[in-house]
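Q: Sharing a structure here in structure tokens format.
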Amino acid sequence: MKALINIDYTNDFVADDGALTAGKPAQALEAYIVKLTRDFYDKGDFVVFAIDDHKKDDTYHPESKLFPAHNIHNTKGQALYGSLMDLYERIKDDERVYYYHKRRYSAFAGSDLDIRLREMGIKEIHLVGVCTDICILHTAIDAYNLGYDLVVHEKGVGSFNQKSHDFALDHFKLSLGAKII
């Protein structure tokens, strides 16, 4: 069994009117992410949705100094973007689907994700979502340090800035030994 980790593919990061949107580059990923998620689910693999979670006017969170308020808990901005939300609604009650809120860039930081993956005997994780050079990168680094085999889907990740996106893809491959497909 493998795991697909969907990271932060939400309205605030993807939609034109999102609070911290990557815009068109992120929107272009939708069909690929939805198809890949459906494929993983249909094959019986583990599907994860690791979603950024913030409180309005949270001055203690370190991101509040770096970015405008985004992915505020239980808002439209925090909801999965486009047809990924439709797919999630159809599969959410399956035990092989795990949706949770994360408080830091990495999907592993402060979560039980590593425990869940190990309980299921998963050694290979696939990453999609946004932003390549922030949350995807930090998740990949933690996964590498935890001993997981990494696969990053180039057609399933995007960012605010192409230069940073390209750097992260190189880093995945050259420093983390990730397979880029």
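Each chain in the structure tokens gets a letter, A, B and so on, in the order shown; residues start at 1 in every chain, and ligands are counted from 1 in the order they appear.
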Counting only C-alpha atoms, what is within 9 Å of His54 of chain A, bar same-chain residues fewer than 4 positions away, as a PDB file with N, CA and C atoms, in the first residue's frame?

A:
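Saved to selection_8.pdb:
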```
ATOM      1  N   ASP A  58      -4.493  35.480  14.718  1.00  0.00           N
ATOM      2  CA  ASP A  58      -3.619  34.709  15.601  1.00  0.00           C
ATOM      3  C   ASP A  58      -2.211  35.315  15.546  1.00  0.00           C
ATOM      4  N   HIS A  61       1.062  32.676  15.949  1.00  0.00           N
ATOM      5  CA  HIS A  61       1.533  31.766  14.910  1.00  0.00           C
ATOM      6  C   HIS A  61       2.616  32.470  14.091  1.00  0.00           C
ATOM      7  N   ALA A  69      -3.510  36.730   6.462  1.00  0.00           N
ATOM      8  CA  ALA A  69      -4.380  35.688   7.028  1.00  0.00           C
ATOM      9  C   ALA A  69      -4.903  34.799   5.900  1.00  0.00           C
ATOM     10  N   HIS A  70      -4.857  33.485   6.126  1.00  0.00           N
ATOM     11  CA  HIS A  70      -5.290  32.521   5.111  1.00  0.00           C
ATOM     12  C   HIS A  70      -5.710  31.226   5.797  1.00  0.00           C
ATOM     13  N   ASN A  71      -6.512  30.448   5.076  1.00  0.00           N
ATOM     14  CA  ASN A  71      -6.995  29.158   5.572  1.00  0.00           C
ATOM     15  C   ASN A  71      -7.516  29.259   7.009  1.00  0.00           C
ATOM     16  N   ILE A  72      -8.339  30.258   7.211  1.00  0.00           N
ATOM     17  CA  ILE A  72      -8.953  30.451   8.521  1.00  0.00           C
ATOM     18  C   ILE A  72      -9.936  29.297   8.753  1.00  0.00           C
ATOM     19  N   HIS A  73      -9.877  28.733   9.950  1.00  0.00           N
ATOM     20  CA  HIS A  73     -10.647  27.539  10.316  1.00  0.00           C
ATOM     21  C   HIS A  73     -12.127  27.657   9.925  1.00  0.00           C
ATOM     22  N   LYS A 102      -3.509  20.892   9.791  1.00  0.00           N
ATOM     23  CA  LYS A 102      -2.123  21.017  10.246  1.00  0.00           C
ATOM     24  C   LYS A 102      -1.838  22.474  10.606  1.00  0.00           C
ATOM     25  N   ARG A 103      -0.914  22.673  11.534  1.00  0.00           N
ATOM     26  CA  ARG A 103      -0.605  24.019  12.019  1.00  0.00           C
ATOM     27  C   ARG A 103       0.732  24.542  11.515  1.00  0.00           C
TER      28      ARG A 103
END
```

Q: So, with only C-alpha atoms as the atoms that count, which of A:Ala22, A:Leu176, A:Leu127, A:Ala168 lies closest to Gly147 of chain A?

A: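 Among A:Ala22, A:Leu176, A:Leu127, A:Ala168, it is A:Leu176 that comes nearest to Gly147 of chain A.
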
Q: Write out as a JSON list (two decimals) with N, CA, C and O atoms, in the first residue's frame the residues lying within 10 Å of Leu29 of chain A, counting only C-alpha atoms and excluding same-chain residues fewer than 2 positions away.

A:
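As a result, selection00.json now contains:
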```json
[["chain", "number", "residue", "atom", "x", "y", "z"],
["A", 9, "TYR", "N", -4.46, 22.03, -0.99],
["A", 9, "TYR", "CA", -5.11, 22.38, -2.26],
["A", 9, "TYR", "C", -6.49, 22.96, -1.93],
["A", 9, "TYR", "O", -7.52, 22.33, -2.13],
["A", 14, "VAL", "N", -5.53, 28.53, -4.03],
["A", 14, "VAL", "CA", -5.69, 28.21, -5.45],
["A", 14, "VAL", "C", -6.63, 29.17, -6.19],
["A", 14, "VAL", "O", -6.32, 29.59, -7.31],
["A", 24, "LYS", "N", -3.08, 30.90, -11.24],
["A", 24, "LYS", "CA", -3.17, 30.03, -12.43],
["A", 24, "LYS", "C", -2.26, 28.81, -12.35],
["A", 24, "LYS", "O", -2.70, 27.71, -12.71],
["A", 25, "PRO", "N", -1.00, 28.92, -11.90],
["A", 25, "PRO", "CA", -0.18, 27.71, -11.81],
["A", 25, "PRO", "C", -0.81, 26.64, -10.91],
["A", 25, "PRO", "O", -0.74, 25.45, -11.21],
["A", 26, "ALA", "N", -1.45, 27.06, -9.83],
["A", 26, "ALA", "CA", -2.10, 26.10, -8.93],
["A", 26, "ALA", "C", -3.39, 25.57, -9.53],
["A", 26, "ALA", "O", -3.71, 24.40, -9.41],
["A", 27, "GLN", "N", -4.13, 26.43, -10.19],
["A", 27, "GLN", "CA", -5.39, 26.02, -10.81],
["A", 27, "GLN", "C", -5.16, 24.99, -11.91],
["A", 27, "GLN", "O", -5.97, 24.08, -12.10],
["A", 31, "ALA", "N", -7.08, 19.07, -12.49],
["A", 31, "ALA", "CA", -7.47, 17.81, -13.15],
["A", 31, "ALA", "C", -6.50, 16.69, -12.79],
["A", 31, "ALA", "O", -6.92, 15.56, -12.52],
["A", 32, "TYR", "N", -5.21, 16.99, -12.76],
["A", 32, "TYR", "CA", -4.21, 15.97, -12.43],
["A", 32, "TYR", "C", -4.37, 15.48, -10.99],
["A", 32, "TYR", "O", -4.38, 14.28, -10.73],
["A", 33, "ILE", "N", -4.52, 16.42, -10.06],
["A", 33, "ILE", "CA", -4.66, 16.05, -8.65],
["A", 33, "ILE", "C", -5.92, 15.23, -8.42],
["A", 33, "ILE", "O", -5.89, 14.22, -7.71],
["A", 34, "VAL", "N", -7.01, 15.63, -9.02],
["A", 34, "VAL", "CA", -8.27, 14.91, -8.84],
["A", 34, "VAL", "C", -8.16, 13.50, -9.42],
["A", 34, "VAL", "O", -8.54, 12.52, -8.78],
["A", 128, "VAL", "N", 1.37, 15.81, -3.58],
["A", 128, "VAL", "CA", 0.77, 16.77, -4.51],
["A", 128, "VAL", "C", 0.24, 17.94, -3.69],
["A", 128, "VAL", "O", -0.01, 17.82, -2.50],
["A", 129, "GLY", "N", 0.05, 19.07, -4.38],
["A", 129, "GLY", "CA", -0.56, 20.23, -3.74],
["A", 129, "GLY", "C", 0.28, 21.48, -3.90],
["A", 129, "GLY", "O", 1.08, 21.61, -4.81],
["A", 130, "VAL", "N", 0.08, 22.40, -2.97],
["A", 130, "VAL", "CA", 0.78, 23.68, -2.98],
["A", 130, "VAL", "C", 1.27, 24.00, -1.58],
["A", 130, "VAL", "O", 0.71, 23.50, -0.60],
["A", 154, "GLU", "N", 5.32, 16.08, -10.41],
["A", 154, "GLU", "CA", 5.60, 17.40, -10.97],
["A", 154, "GLU", "C", 4.36, 18.08, -11.52],
["A", 154, "GLU", "O", 4.19, 19.29, -11.39],
["A", 155, "LYS", "N", 3.46, 17.30, -12.10],
["A", 155, "LYS", "CA", 2.22, 17.86, -12.65],
["A", 155, "LYS", "C", 1.18, 18.10, -11.56],
["A", 155, "LYS", "O", 0.08, 18.56, -11.84],
["A", 156, "GLY", "N", 1.53, 17.78, -10.31],
["A", 156, "GLY", "CA", 0.60, 17.93, -9.21],
["A", 156, "GLY", "C", 1.05, 18.89, -8.13],
["A", 156, "GLY", "O", 0.46, 18.94, -7.06],
["A", 157, "VAL", "N", 2.13, 19.65, -8.40],
["A", 157, "VAL", "CA", 2.61, 20.63, -7.43],
["A", 157, "VAL", "C", 2.82, 21.98, -8.11],
["A", 157, "VAL", "O", 3.17, 22.04, -9.30],
["A", 158, "GLY", "N", 2.61, 23.04, -7.36],
["A", 158, "GLY", "CA", 2.78, 24.39, -7.91],
["A", 158, "GLY", "C", 3.08, 25.38, -6.80],
["A", 158, "GLY", "O", 2.92, 25.07, -5.62]]
```

Q: Give me, as an mmCIF file with all heavy atoms, in the first residue's frame, all polymer residues having an atom no more than 10 Å from Ala3 of chain A, counting only C-alpha atoms and skipping those fewer than 2 positions away in the same chain.

A:
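Final file, part_3.cif:
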```cif
data_model
loop_
_atom_site.group_PDB
_atom_site.id
_atom_site.type_symbol
_atom_site.label_atom_id
_atom_site.label_comp_id
_atom_site.auth_asym_id
_atom_site.auth_seq_id
_atom_site.Cartn_x
_atom_site.Cartn_y
_atom_site.Cartn_z
ATOM 1 N N MET A 1 0.837 -1.180 0.000
ATOM 2 C CA MET A 1 0.000 0.000 0.000
ATOM 3 C C MET A 1 0.884 1.246 0.000
ATOM 4 O O MET A 1 1.920 1.289 0.638
ATOM 5 C CB MET A 1 -0.908 -0.005 1.238
ATOM 6 C CG MET A 1 -1.836 1.186 1.292
ATOM 7 S SD MET A 1 -2.904 1.244 2.756
ATOM 8 C CE MET A 1 -4.132 0.048 2.310
ATOM 9 N N ILE A 5 -0.493 12.115 -0.391
ATOM 10 C CA ILE A 5 -0.748 13.208 0.528
ATOM 11 C C ILE A 5 -1.053 14.460 -0.283
ATOM 12 O O ILE A 5 -0.189 15.000 -0.977
ATOM 13 C CB ILE A 5 0.432 13.445 1.487
ATOM 14 C CG1 ILE A 5 0.768 12.152 2.244
ATOM 15 C CG2 ILE A 5 0.109 14.578 2.460
ATOM 16 C CD1 ILE A 5 1.999 12.244 3.116
ATOM 17 N N ASN A 6 -2.313 14.886 -0.209
ATOM 18 C CA ASN A 6 -2.778 16.124 -0.822
ATOM 19 C C ASN A 6 -2.524 17.236 0.194
ATOM 20 O O ASN A 6 -3.098 17.219 1.283
ATOM 21 C CB ASN A 6 -4.288 16.069 -1.078
ATOM 22 C CG ASN A 6 -4.657 15.233 -2.266
ATOM 23 O OD1 ASN A 6 -4.656 15.717 -3.378
ATOM 24 N ND2 ASN A 6 -4.985 13.968 -2.023
ATOM 25 N N THR A 37 -5.840 11.383 -7.231
ATOM 26 C CA THR A 37 -6.519 11.043 -5.978
ATOM 27 C C THR A 37 -7.523 9.927 -6.200
ATOM 28 O O THR A 37 -7.585 8.965 -5.432
ATOM 29 C CB THR A 37 -7.205 12.292 -5.378
ATOM 30 O OG1 THR A 37 -6.216 13.317 -5.181
ATOM 31 C CG2 THR A 37 -7.882 11.967 -4.062
ATOM 32 N N PHE A 40 -5.577 6.607 -6.764
ATOM 33 C CA PHE A 40 -5.077 6.031 -5.514
ATOM 34 C C PHE A 40 -6.210 5.398 -4.728
ATOM 35 O O PHE A 40 -6.086 4.279 -4.224
ATOM 36 C CB PHE A 40 -4.378 7.108 -4.666
ATOM 37 C CG PHE A 40 -2.898 7.164 -4.857
ATOM 38 C CD1 PHE A 40 -2.358 7.626 -6.053
ATOM 39 C CD2 PHE A 40 -2.032 6.750 -3.867
ATOM 40 C CE1 PHE A 40 -0.995 7.679 -6.245
ATOM 41 C CE2 PHE A 40 -0.663 6.804 -4.035
ATOM 42 C CZ PHE A 40 -0.137 7.261 -5.236
ATOM 43 N N TYR A 41 -7.311 6.098 -4.635
ATOM 44 C CA TYR A 41 -8.462 5.593 -3.891
ATOM 45 C C TYR A 41 -8.990 4.300 -4.531
ATOM 46 O O TYR A 41 -9.221 3.311 -3.833
ATOM 47 C CB TYR A 41 -9.562 6.654 -3.827
ATOM 48 C CG TYR A 41 -10.776 6.179 -3.091
ATOM 49 C CD1 TYR A 41 -10.786 6.115 -1.695
ATOM 50 C CD2 TYR A 41 -11.916 5.766 -3.779
ATOM 51 C CE1 TYR A 41 -11.894 5.663 -1.006
ATOM 52 C CE2 TYR A 41 -13.025 5.313 -3.106
ATOM 53 C CZ TYR A 41 -13.016 5.258 -1.717
ATOM 54 O OH TYR A 41 -14.120 4.795 -1.045
ATOM 55 N N GLY A 44 -7.121 1.158 -3.790
ATOM 56 C CA GLY A 44 -7.089 0.713 -2.400
ATOM 57 C C GLY A 44 -5.979 1.317 -1.562
ATOM 58 O O GLY A 44 -5.704 0.843 -0.459
ATOM 59 N N ASP A 45 -5.336 2.367 -2.073
ATOM 60 C CA ASP A 45 -4.267 3.017 -1.325
ATOM 61 C C ASP A 45 -4.838 4.033 -0.337
ATOM 62 O O ASP A 45 -6.031 4.322 -0.326
ATOM 63 C CB ASP A 45 -3.276 3.699 -2.283
ATOM 64 C CG ASP A 45 -2.440 2.685 -3.043
ATOM 65 O OD1 ASP A 45 -1.951 1.724 -2.415
ATOM 66 O OD2 ASP A 45 -2.268 2.851 -4.273
ATOM 67 N N PHE A 46 -3.968 4.580 0.501
ATOM 68 C CA PHE A 46 -4.325 5.539 1.536
ATOM 69 C C PHE A 46 -4.286 6.946 0.942
ATOM 70 O O PHE A 46 -3.311 7.327 0.294
ATOM 71 C CB PHE A 46 -3.329 5.417 2.691
ATOM 72 C CG PHE A 46 -3.706 6.120 3.954
ATOM 73 C CD1 PHE A 46 -4.977 6.040 4.487
ATOM 74 C CD2 PHE A 46 -2.750 6.846 4.655
ATOM 75 C CE1 PHE A 46 -5.297 6.667 5.681
ATOM 76 C CE2 PHE A 46 -3.055 7.477 5.847
ATOM 77 C CZ PHE A 46 -4.333 7.395 6.364
ATOM 78 N N VAL A 47 -5.348 7.718 1.142
ATOM 79 C CA VAL A 47 -5.444 9.076 0.616
ATOM 80 C C VAL A 47 -5.542 10.040 1.792
ATOM 81 O O VAL A 47 -6.433 9.926 2.632
ATOM 82 C CB VAL A 47 -6.669 9.237 -0.317
ATOM 83 C CG1 VAL A 47 -6.816 10.677 -0.773
ATOM 84 C CG2 VAL A 47 -6.559 8.298 -1.514
ATOM 85 N N VAL A 48 -4.616 10.996 1.827
ATOM 86 C CA VAL A 48 -4.525 11.952 2.923
ATOM 87 C C VAL A 48 -4.787 13.358 2.401
ATOM 88 O O VAL A 48 -4.315 13.725 1.321
ATOM 89 C CB VAL A 48 -3.117 11.888 3.569
ATOM 90 C CG1 VAL A 48 -2.970 12.938 4.657
ATOM 91 C CG2 VAL A 48 -2.826 10.492 4.097
ATOM 92 N N ARG A 96 -9.771 4.530 4.557
ATOM 93 C CA ARG A 96 -8.521 4.769 3.833
ATOM 94 C C ARG A 96 -8.352 6.232 3.434
ATOM 95 O O ARG A 96 -7.423 6.599 2.717
ATOM 96 C CB ARG A 96 -8.440 3.906 2.575
ATOM 97 C CG ARG A 96 -8.316 2.424 2.860
ATOM 98 C CD ARG A 96 -8.366 1.593 1.601
ATOM 99 N NE ARG A 96 -9.655 1.718 0.920
ATOM 100 C CZ ARG A 96 -9.834 2.307 -0.268
ATOM 101 N NH1 ARG A 96 -8.834 2.788 -0.942
ATOM 102 N NH2 ARG A 96 -11.045 2.387 -0.800
ATOM 103 N N VAL A 97 -9.261 7.076 3.903
ATOM 104 C CA VAL A 97 -9.198 8.512 3.626
ATOM 105 C C VAL A 97 -9.034 9.235 4.954
ATOM 106 O O VAL A 97 -9.801 9.018 5.891
ATOM 107 C CB VAL A 97 -10.469 8.990 2.895
ATOM 108 C CG1 VAL A 97 -10.442 10.494 2.690
ATOM 109 C CG2 VAL A 97 -10.633 8.257 1.564
ATOM 110 N N LEU A 117 0.663 6.155 9.011
ATOM 111 C CA LEU A 117 1.343 5.524 7.880
ATOM 112 C C LEU A 117 2.031 4.233 8.307
ATOM 113 O O LEU A 117 1.954 3.217 7.624
ATOM 114 C CB LEU A 117 2.355 6.489 7.259
ATOM 115 C CG LEU A 117 1.765 7.737 6.589
ATOM 116 C CD1 LEU A 117 2.879 8.709 6.220
ATOM 117 C CD2 LEU A 117 0.929 7.383 5.374
ATOM 118 N N MET A 120 -0.241 1.250 8.898
ATOM 119 C CA MET A 120 -0.719 0.645 7.656
ATOM 120 C C MET A 120 0.416 0.003 6.855
ATOM 121 O O MET A 120 0.179 -0.520 5.770
ATOM 122 C CB MET A 120 -1.439 1.699 6.823
ATOM 123 C CG MET A 120 -2.655 2.272 7.552
ATOM 124 S SD MET A 120 -3.405 3.631 6.654
ATOM 125 C CE MET A 120 -4.582 2.698 5.680
ATOM 126 N N ILE A 122 2.886 1.526 5.388
ATOM 127 C CA ILE A 122 3.206 2.343 4.215
ATOM 128 C C ILE A 122 4.637 2.845 4.301
ATOM 129 O O ILE A 122 5.056 3.415 5.313
ATOM 130 C CB ILE A 122 2.215 3.518 4.093
ATOM 131 C CG1 ILE A 122 0.818 2.965 3.796
ATOM 132 C CG2 ILE A 122 2.669 4.516 3.023
ATOM 133 C CD1 ILE A 122 -0.290 3.975 3.872
ATOM 134 N N LYS A 123 5.365 2.635 3.203
ATOM 135 C CA LYS A 123 6.754 3.082 3.133
ATOM 136 C C LYS A 123 6.968 4.101 2.018
ATOM 137 O O LYS A 123 7.971 4.795 1.994
ATOM 138 C CB LYS A 123 7.664 1.884 2.914
ATOM 139 C CG LYS A 123 7.671 0.941 4.103
ATOM 140 C CD LYS A 123 8.594 -0.218 3.868
ATOM 141 C CE LYS A 123 8.758 -1.001 5.084
ATOM 142 N NZ LYS A 123 8.325 -2.032 5.582
ATOM 143 N N GLU A 124 6.018 4.153 1.080
ATOM 144 C CA GLU A 124 6.144 5.058 -0.065
ATOM 145 C C GLU A 124 5.028 6.087 -0.028
ATOM 146 O O GLU A 124 3.853 5.724 0.039
ATOM 147 C CB GLU A 124 6.071 4.268 -1.378
ATOM 148 C CG GLU A 124 6.170 5.124 -2.619
ATOM 149 C CD GLU A 124 6.131 4.289 -3.889
ATOM 150 O OE1 GLU A 124 7.060 3.472 -4.100
ATOM 151 O OE2 GLU A 124 5.168 4.449 -4.668
ATOM 152 N N ILE A 125 5.429 7.363 -0.054
ATOM 153 C CA ILE A 125 4.426 8.426 -0.079
ATOM 154 C C ILE A 125 4.592 9.274 -1.335
ATOM 155 O O ILE A 125 5.700 9.511 -1.805
ATOM 156 C CB ILE A 125 4.460 9.298 1.188
ATOM 157 C CG1 ILE A 125 5.788 10.022 1.340
ATOM 158 C CG2 ILE A 125 4.146 8.470 2.423
ATOM 159 C CD1 ILE A 125 5.778 11.053 2.452
ATOM 160 N N HIS A 126 3.450 9.693 -1.844
ATOM 161 C CA HIS A 126 3.371 10.547 -3.031
ATOM 162 C C HIS A 126 2.828 11.891 -2.588
ATOM 163 O O HIS A 126 1.871 11.944 -1.803
ATOM 164 C CB HIS A 126 2.440 9.922 -4.070
ATOM 165 C CG HIS A 126 2.966 8.646 -4.641
ATOM 166 N ND1 HIS A 126 3.282 8.517 -5.972
ATOM 167 C CD2 HIS A 126 3.250 7.450 -4.063
ATOM 168 C CE1 HIS A 126 3.728 7.294 -6.196
ATOM 169 N NE2 HIS A 126 3.719 6.623 -5.035
ATOM 170 N N LEU A 127 3.429 12.970 -3.106
ATOM 171 C CA LEU A 127 3.042 14.316 -2.700
ATOM 172 C C LEU A 127 2.482 15.112 -3.860
ATOM 173 O O LEU A 127 3.050 15.125 -4.953
ATOM 174 C CB LEU A 127 4.252 15.058 -2.123
ATOM 175 C CG LEU A 127 4.957 14.417 -0.936
ATOM 176 C CD1 LEU A 127 6.167 15.250 -0.531
ATOM 177 C CD2 LEU A 127 4.006 14.240 0.234
#
```

Q: Could you pull out the helix (DSSP H, G or I) residues of chain A, going by DSSP on the backbone, and write them as an MDAnalysis selection string?

A: chainID A and resid 11:14 24:27 30:42 62:65 76:78 82:91 113:119 132:145 162:176

Q: If you keep C-alpha atoms, can you produce a file of those selected residues as a tab-separated table (two decimals), in the first residue's frame?

A:
```tsv
chain	number	residue	atom	x	y	z
A	11	ASN	CA	-9.54	27.91	-2.12
A	12	ASP	CA	-7.24	30.33	-0.30
A	13	PHE	CA	-4.17	28.90	-2.03
A	14	VAL	CA	-5.69	28.21	-5.45
A	24	LYS	CA	-3.17	30.03	-12.43
A	25	PRO	CA	-0.18	27.71	-11.81
A	26	ALA	CA	-2.10	26.10	-8.93
A	27	GLN	CA	-5.39	26.02	-10.81
A	30	GLU	CA	-6.71	20.50	-10.55
A	31	ALA	CA	-7.47	17.81	-13.15
A	32	TYR	CA	-4.21	15.97	-12.43
A	33	ILE	CA	-4.66	16.05	-8.65
A	34	VAL	CA	-8.27	14.91	-8.84
A	35	LYS	CA	-7.47	12.06	-11.25
A	36	LEU	CA	-4.47	10.93	-9.18
A	37	THR	CA	-6.52	11.04	-5.98
A	38	ARG	CA	-9.26	8.99	-7.60
A	39	ASP	CA	-6.69	6.50	-8.94
A	40	PHE	CA	-5.08	6.03	-5.51
A	41	TYR	CA	-8.46	5.59	-3.89
A	42	ASP	CA	-9.69	3.15	-6.55
A	62	PRO	CA	4.86	32.47	13.15
A	63	GLU	CA	3.22	32.63	9.71
A	64	SER	CA	1.22	35.70	10.78
A	65	LYS	CA	4.44	37.71	10.42
A	76	LYS	CA	-14.70	28.96	2.42
A	77	GLY	CA	-11.00	29.74	1.98
A	78	GLN	CA	-10.02	26.60	3.88
A	82	GLY	CA	-12.95	22.86	-7.10
A	83	SER	CA	-13.66	19.28	-8.06
A	84	LEU	CA	-11.27	17.94	-5.42
A	85	MET	CA	-13.92	18.92	-2.86
A	86	ASP	CA	-16.53	16.97	-4.84
A	87	LEU	CA	-14.32	13.88	-4.87
A	88	TYR	CA	-13.55	14.22	-1.17
A	89	GLU	CA	-17.27	14.41	-0.35
A	90	ARG	CA	-17.79	11.07	-2.14
A	91	ILE	CA	-14.94	9.21	-0.43
A	113	LEU	CA	0.46	11.16	10.21
A	114	ASP	CA	3.66	9.17	10.75
A	115	ILE	CA	1.91	6.83	13.21
A	116	ARG	CA	-0.99	6.25	10.79
A	117	LEU	CA	1.34	5.52	7.88
A	118	ARG	CA	3.40	3.07	9.94
A	119	GLU	CA	0.27	1.31	11.27
A	132	THR	CA	6.08	23.29	-3.86
A	133	ASP	CA	8.75	25.32	-2.08
A	134	ILE	CA	6.96	25.67	1.26
A	135	CYS	CA	4.54	23.03	2.54
A	136	ILE	CA	5.44	20.35	0.00
A	137	LEU	CA	9.16	20.91	0.64
A	138	HIS	CA	8.87	20.82	4.44
A	139	THR	CA	6.70	17.70	4.27
A	140	ALA	CA	9.22	16.02	1.96
A	141	ILE	CA	12.13	16.84	4.26
A	142	ASP	CA	10.31	15.38	7.27
A	143	ALA	CA	9.30	12.30	5.26
A	144	TYR	CA	12.91	11.81	4.18
A	145	ASN	CA	14.12	12.13	7.78
A	162	GLN	CA	8.60	29.51	-10.75
A	163	LYS	CA	12.20	29.93	-9.59
A	164	SER	CA	11.38	28.66	-6.09
A	165	HIS	CA	9.24	25.87	-7.55
A	166	ASP	CA	12.15	24.71	-9.73
A	167	PHE	CA	14.58	24.90	-6.81
A	168	ALA	CA	12.29	22.69	-4.71
A	169	LEU	CA	11.94	20.09	-7.48
A	170	ASP	CA	15.74	19.91	-7.76
A	171	HIS	CA	16.07	19.68	-3.98
A	172	PHE	CA	13.59	16.80	-3.82
A	173	LYS	CA	15.59	14.85	-6.37
A	174	LEU	CA	19.19	15.78	-5.51
A	175	SER	CA	19.04	16.12	-1.72
A	176	LEU	CA	16.15	13.87	-0.70
```

Q: Taking into account only C-alpha atoms, which residue in the set A:Lys92, A:Lys2, A:His153, A:Arg104 is nearest to Lys43 of chain A?

A: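 Smallest distance to Lys43 of chain A is found for A:Lys2.
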
Q: Mind giving me the straight-line distance from atom CA of Ala79 of chain A to atom CA of Asp52 of chain A in Å, one decimal?

A: 10.1 Å

Q: Please indicate the distance in Å from atom CA of Phe49 of chain A to atom CA of Leu4 of chain A, rounded to one decimal place.

A: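 According to the coordinates, atom CA of Phe49 of chain A and atom CA of Leu4 of chain A are separated by 8.5 Å.
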
Q: So how many Å separate atom CA of Tyr148 of chain A and atom CA of Gly110 of chain A, to one decimal?

A: 17.6 Å

Q: Please extract the residues of segment 28-178 of chain A with a backbone DSSP assignment of strand (DSSP E or B) and present them as number ranges by chain.

A: A: 46-52, 54, 72, 80, 97-102, 124-130, 149-158

Q: Would you write out those residues with N, CA and C atoms, as a short mmCIF file (atom, residue, chain, number, x, y, z; two decimals), in the first residue's frame?

A:
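Written output follows (out-v7.cif):
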```
data_model
loop_
_atom_site.label_atom_id
_atom_site.label_comp_id
_atom_site.auth_asym_id
_atom_site.auth_seq_id
_atom_site.Cartn_x
_atom_site.Cartn_y
_atom_site.Cartn_z
N PHE A 46 -3.97 4.58 0.50
CA PHE A 46 -4.33 5.54 1.54
C PHE A 46 -4.29 6.95 0.94
N VAL A 47 -5.35 7.72 1.14
CA VAL A 47 -5.44 9.08 0.62
C VAL A 47 -5.54 10.04 1.79
N VAL A 48 -4.62 11.00 1.83
CA VAL A 48 -4.53 11.95 2.92
C VAL A 48 -4.79 13.36 2.40
N PHE A 49 -5.51 14.14 3.19
CA PHE A 49 -5.71 15.55 2.94
C PHE A 49 -5.16 16.29 4.16
N ALA A 50 -3.99 16.91 4.01
CA ALA A 50 -3.35 17.66 5.09
C ALA A 50 -3.56 19.14 4.81
N ILE A 51 -4.42 19.77 5.61
CA ILE A 51 -4.90 21.10 5.29
C ILE A 51 -4.48 22.13 6.34
N ASP A 52 -3.86 23.20 5.86
CA ASP A 52 -3.43 24.32 6.69
C ASP A 52 -4.61 24.87 7.49
N HIS A 54 -5.67 27.92 10.41
CA HIS A 54 -5.32 29.10 11.19
C HIS A 54 -6.55 29.70 11.85
N ILE A 72 -8.34 30.26 7.21
CA ILE A 72 -8.95 30.45 8.52
C ILE A 72 -9.94 29.30 8.75
N LEU A 80 -11.45 22.59 0.34
CA LEU A 80 -10.74 22.06 -0.83
C LEU A 80 -11.22 22.76 -2.08
N VAL A 97 -9.26 7.08 3.90
CA VAL A 97 -9.20 8.51 3.63
C VAL A 97 -9.03 9.24 4.95
N TYR A 98 -8.03 10.09 5.03
CA TYR A 98 -7.73 10.81 6.26
C TYR A 98 -7.59 12.30 5.96
N TYR A 99 -8.48 13.08 6.53
CA TYR A 99 -8.47 14.54 6.39
C TYR A 99 -8.16 15.12 7.76
N TYR A 100 -7.18 15.99 7.82
CA TYR A 100 -6.87 16.63 9.10
C TYR A 100 -6.29 18.03 8.87
N HIS A 101 -6.33 18.82 9.92
CA HIS A 101 -5.78 20.16 9.89
C HIS A 101 -4.36 20.15 10.45
N LYS A 102 -3.51 20.89 9.79
CA LYS A 102 -2.12 21.02 10.25
C LYS A 102 -1.84 22.47 10.61
N GLU A 124 6.02 4.15 1.08
CA GLU A 124 6.14 5.06 -0.07
C GLU A 124 5.03 6.09 -0.03
N ILE A 125 5.43 7.36 -0.05
CA ILE A 125 4.43 8.43 -0.08
C ILE A 125 4.59 9.27 -1.33
N HIS A 126 3.45 9.69 -1.84
CA HIS A 126 3.37 10.55 -3.03
C HIS A 126 2.83 11.89 -2.59
N LEU A 127 3.43 12.97 -3.11
CA LEU A 127 3.04 14.32 -2.70
C LEU A 127 2.48 15.11 -3.86
N VAL A 128 1.37 15.81 -3.58
CA VAL A 128 0.77 16.77 -4.51
C VAL A 128 0.24 17.94 -3.69
N GLY A 129 0.05 19.07 -4.38
CA GLY A 129 -0.56 20.23 -3.74
C GLY A 129 0.28 21.48 -3.90
N VAL A 130 0.08 22.40 -2.97
CA VAL A 130 0.78 23.68 -2.98
C VAL A 130 1.27 24.00 -1.58
N ASP A 149 10.10 6.50 1.36
CA ASP A 149 10.43 6.66 -0.05
C ASP A 149 9.49 7.73 -0.59
N LEU A 150 10.06 8.70 -1.30
CA LEU A 150 9.30 9.86 -1.76
C LEU A 150 9.08 9.86 -3.26
N VAL A 151 7.86 10.20 -3.64
CA VAL A 151 7.54 10.45 -5.04
C VAL A 151 6.81 11.79 -5.08
N VAL A 152 7.33 12.71 -5.88
CA VAL A 152 6.70 14.01 -6.04
C VAL A 152 6.18 14.08 -7.47
N HIS A 153 4.92 14.43 -7.59
CA HIS A 153 4.27 14.51 -8.90
C HIS A 153 4.42 15.92 -9.44
N GLU A 154 5.32 16.08 -10.41
CA GLU A 154 5.60 17.40 -10.97
C GLU A 154 4.36 18.08 -11.52
N LYS A 155 3.46 17.30 -12.10
CA LYS A 155 2.22 17.86 -12.65
C LYS A 155 1.18 18.10 -11.56
N GLY A 156 1.53 17.78 -10.31
CA GLY A 156 0.60 17.93 -9.21
C GLY A 156 1.05 18.89 -8.13
N VAL A 157 2.13 19.65 -8.40
CA VAL A 157 2.61 20.63 -7.43
C VAL A 157 2.82 21.98 -8.11
N GLY A 158 2.61 23.04 -7.36
CA GLY A 158 2.78 24.39 -7.91
C GLY A 158 3.08 25.38 -6.80
#
```
